[in-house]
Amino acid sequence: MSKTQTAPKNAGSAGSGTEERPWVLKTPSGQSEFSLYRDEAAEPPALVVQVGKTRLRYPLRCIEDLVAMFRKHGDWMLFGSVEAWAVSPKNPVGGWYGLKKRPRGRFAMYVPPVLKMIGLTEVEDNPGTFECGAI
C-alpha cells in the first residue's frame, strides 16, 4: 500500500489510516469493532491493530503478501486457511506474521477486512464460515 493510499469513500471508515485518524472496521462476523493504522515510521513499517486494550502489530508488507497469496491460490479461502498461511514457514516471512510472539490466531480476523476496505479482496460471511479471495 502506498503512503498516500487511503480508504475508499465507500469503505465505511471515517479514518484515513493514520494514528491520528485510524480506520475503524468490523471483524468478518460483524460482531467486533477494531481500529487500525499504518505506522510507516516503525522498523519494520507496521500495520497496527487496536482491539479494546490489545494492540497487535503486523509488518505492513502483510497486505501485499496476502493479496499475492490469494491471487496465486486463485479461489476463495476459508479464514482458517488464511490463519494457517500466516504462521507457515512457507509464507514470505518464513513463519508468524505478528511482530510479537503473542497473541497468535488473529491475523485472519483483522487483515482481510483491511484488504476488503481498500478494494483488494472480497470477504464473505456465510453462516458458520468466513471466506475471502482476491478481486
# chains A, B, ... in the order shown; residues from 1 in each chain; ligands from 1
>>> residues_around(residues="segment 85-100 of chain A", least_positions_apart="4", cutoff="7 Å", atoms="only C-alpha atoms", output="list in words")
Arg57, Tyr58, Pro59, Ser81 and Phe107 of chain A
>>> residues_around(residues="Asp39 of chain A", least_positions_apart="6", cutoff="8 Å", atoms="only C-alpha atoms", output="compact mmCIF listing (two decimals) with N, CA and C atoms, in the first residue's frame")
# COMPACT_ATOMS: atom_id res chain seq x y z
N THR A 18 -4.23 6.69 9.55
CA THR A 18 -3.11 7.24 10.30
C THR A 18 -3.38 7.03 11.79
N GLU A 19 -2.36 7.21 12.61
CA GLU A 19 -2.55 7.04 14.05
C GLU A 19 -3.57 8.05 14.59
N PRO A 45 8.14 -1.12 8.93
CA PRO A 45 6.83 -0.47 8.85
C PRO A 45 5.74 -1.45 9.24
N ALA A 46 4.72 -0.95 9.97
CA ALA A 46 3.75 -1.86 10.57
C ALA A 46 2.31 -1.45 10.29
N LEU A 47 1.45 -2.45 10.33
CA LEU A 47 0.01 -2.28 10.38
C LEU A 47 -0.35 -2.50 11.84
N VAL A 48 -0.89 -1.48 12.49
CA VAL A 48 -1.17 -1.54 13.92
C VAL A 48 -2.68 -1.69 14.12
>>> closest_residue(among="A:Leu36, A:Gln50, A:Val114, A:Val82", to="Met69 of chain A", atoms="only C-alpha atoms")
A:Val82
>>> closest_residue(among="A:Ser29, A:Lys116, A:Ala134, A:Gly17", to="Arg71 of chain A", atoms="only C-alpha atoms")
A:Ala134
>>> select_by_dssp(residues="segment 46-110 of chain A", states="alpha helix (DSSP H)", output="MDAnalysis selection string")
chainID A and resid 62:73 79:87 107:110
>>> write_last_selection(atoms="N, CA and C atoms", output="short mmCIF file (atom, residue, chain, number, x, y, z; two decimals), in the first residue's frame")
data_model
loop_
_atom_site.label_atom_id
_atom_site.label_comp_id
_atom_site.auth_asym_id
_atom_site.auth_seq_id
_atom_site.Cartn_x
_atom_site.Cartn_y
_atom_site.Cartn_z
N CYS A 62 2.45 -7.31 4.97
CA CYS A 62 1.47 -8.39 5.02
C CYS A 62 0.32 -8.15 4.05
N ILE A 63 0.04 -6.88 3.76
CA ILE A 63 -1.05 -6.57 2.82
C ILE A 63 -0.71 -7.09 1.43
N GLU A 64 0.45 -6.71 0.91
CA GLU A 64 0.85 -7.16 -0.42
C GLU A 64 1.06 -8.67 -0.46
N ASP A 65 1.64 -9.22 0.61
CA ASP A 65 1.90 -10.66 0.66
C ASP A 65 0.60 -11.46 0.62
N LEU A 66 -0.41 -11.01 1.37
CA LEU A 66 -1.68 -11.73 1.42
C LEU A 66 -2.41 -11.64 0.08
N VAL A 67 -2.40 -10.47 -0.55
CA VAL A 67 -3.02 -10.34 -1.87
C VAL A 67 -2.34 -11.26 -2.87
N ALA A 68 -1.01 -11.30 -2.85
CA ALA A 68 -0.26 -12.18 -3.77
C ALA A 68 -0.62 -13.64 -3.52
N MET A 69 -0.76 -14.02 -2.25
CA MET A 69 -1.13 -15.40 -1.94
C MET A 69 -2.54 -15.72 -2.46
N PHE A 70 -3.48 -14.79 -2.27
CA PHE A 70 -4.84 -15.01 -2.78
C PHE A 70 -4.82 -15.19 -4.30
N ARG A 71 -4.08 -14.34 -4.98
CA ARG A 71 -4.03 -14.42 -6.45
C ARG A 71 -3.39 -15.72 -6.91
N LYS A 72 -2.36 -16.15 -6.21
CA LYS A 72 -1.72 -17.42 -6.56
C LYS A 72 -2.68 -18.58 -6.31
N HIS A 73 -3.41 -18.52 -5.22
CA HIS A 73 -4.37 -19.57 -4.86
C HIS A 73 -5.51 -19.63 -5.88
N PHE A 79 -11.10 -18.67 6.31
CA PHE A 79 -10.24 -17.88 7.17
C PHE A 79 -9.23 -18.75 7.91
N GLY A 80 -9.62 -19.97 8.26
CA GLY A 80 -8.67 -20.88 8.91
C GLY A 80 -7.47 -21.15 8.03
N SER A 81 -7.67 -21.22 6.72
CA SER A 81 -6.55 -21.42 5.79
C SER A 81 -5.67 -20.18 5.73
N VAL A 82 -6.28 -19.00 5.82
CA VAL A 82 -5.51 -17.76 5.85
C VAL A 82 -4.66 -17.73 7.12
N GLU A 83 -5.25 -18.11 8.23
CA GLU A 83 -4.51 -18.13 9.50
C GLU A 83 -3.36 -19.13 9.43
N ALA A 84 -3.60 -20.29 8.85
CA ALA A 84 -2.54 -21.30 8.71
C ALA A 84 -1.40 -20.76 7.86
N TRP A 85 -1.73 -20.05 6.78
CA TRP A 85 -0.70 -19.45 5.92
C TRP A 85 0.11 -18.41 6.70
N ALA A 86 -0.56 -17.64 7.58
CA ALA A 86 0.11 -16.57 8.33
C ALA A 86 1.12 -17.08 9.34
N VAL A 87 1.11 -18.37 9.65
CA VAL A 87 2.08 -18.95 10.58
C VAL A 87 2.98 -19.99 9.90
N PHE A 107 -4.59 -12.99 12.84
CA PHE A 107 -4.26 -12.40 11.55
C PHE A 107 -5.45 -12.42 10.60
N ALA A 108 -6.12 -13.56 10.48
CA ALA A 108 -7.23 -13.71 9.53
C ALA A 108 -8.47 -12.92 9.94
N MET A 109 -8.56 -12.53 11.19
CA MET A 109 -9.72 -11.75 11.63
C MET A 109 -9.56 -10.26 11.31
N TYR A 110 -8.31 -9.77 11.25
CA TYR A 110 -8.09 -8.34 11.12
C TYR A 110 -7.49 -7.90 9.79
#
>>> residues_around(residues="Cys132 of chain A", least_positions_apart="3", cutoff="9 Å", atoms="only C-alpha atoms", output="PyMOL selection string")
chain A and resi 70+75-79+82+112+116+121-125
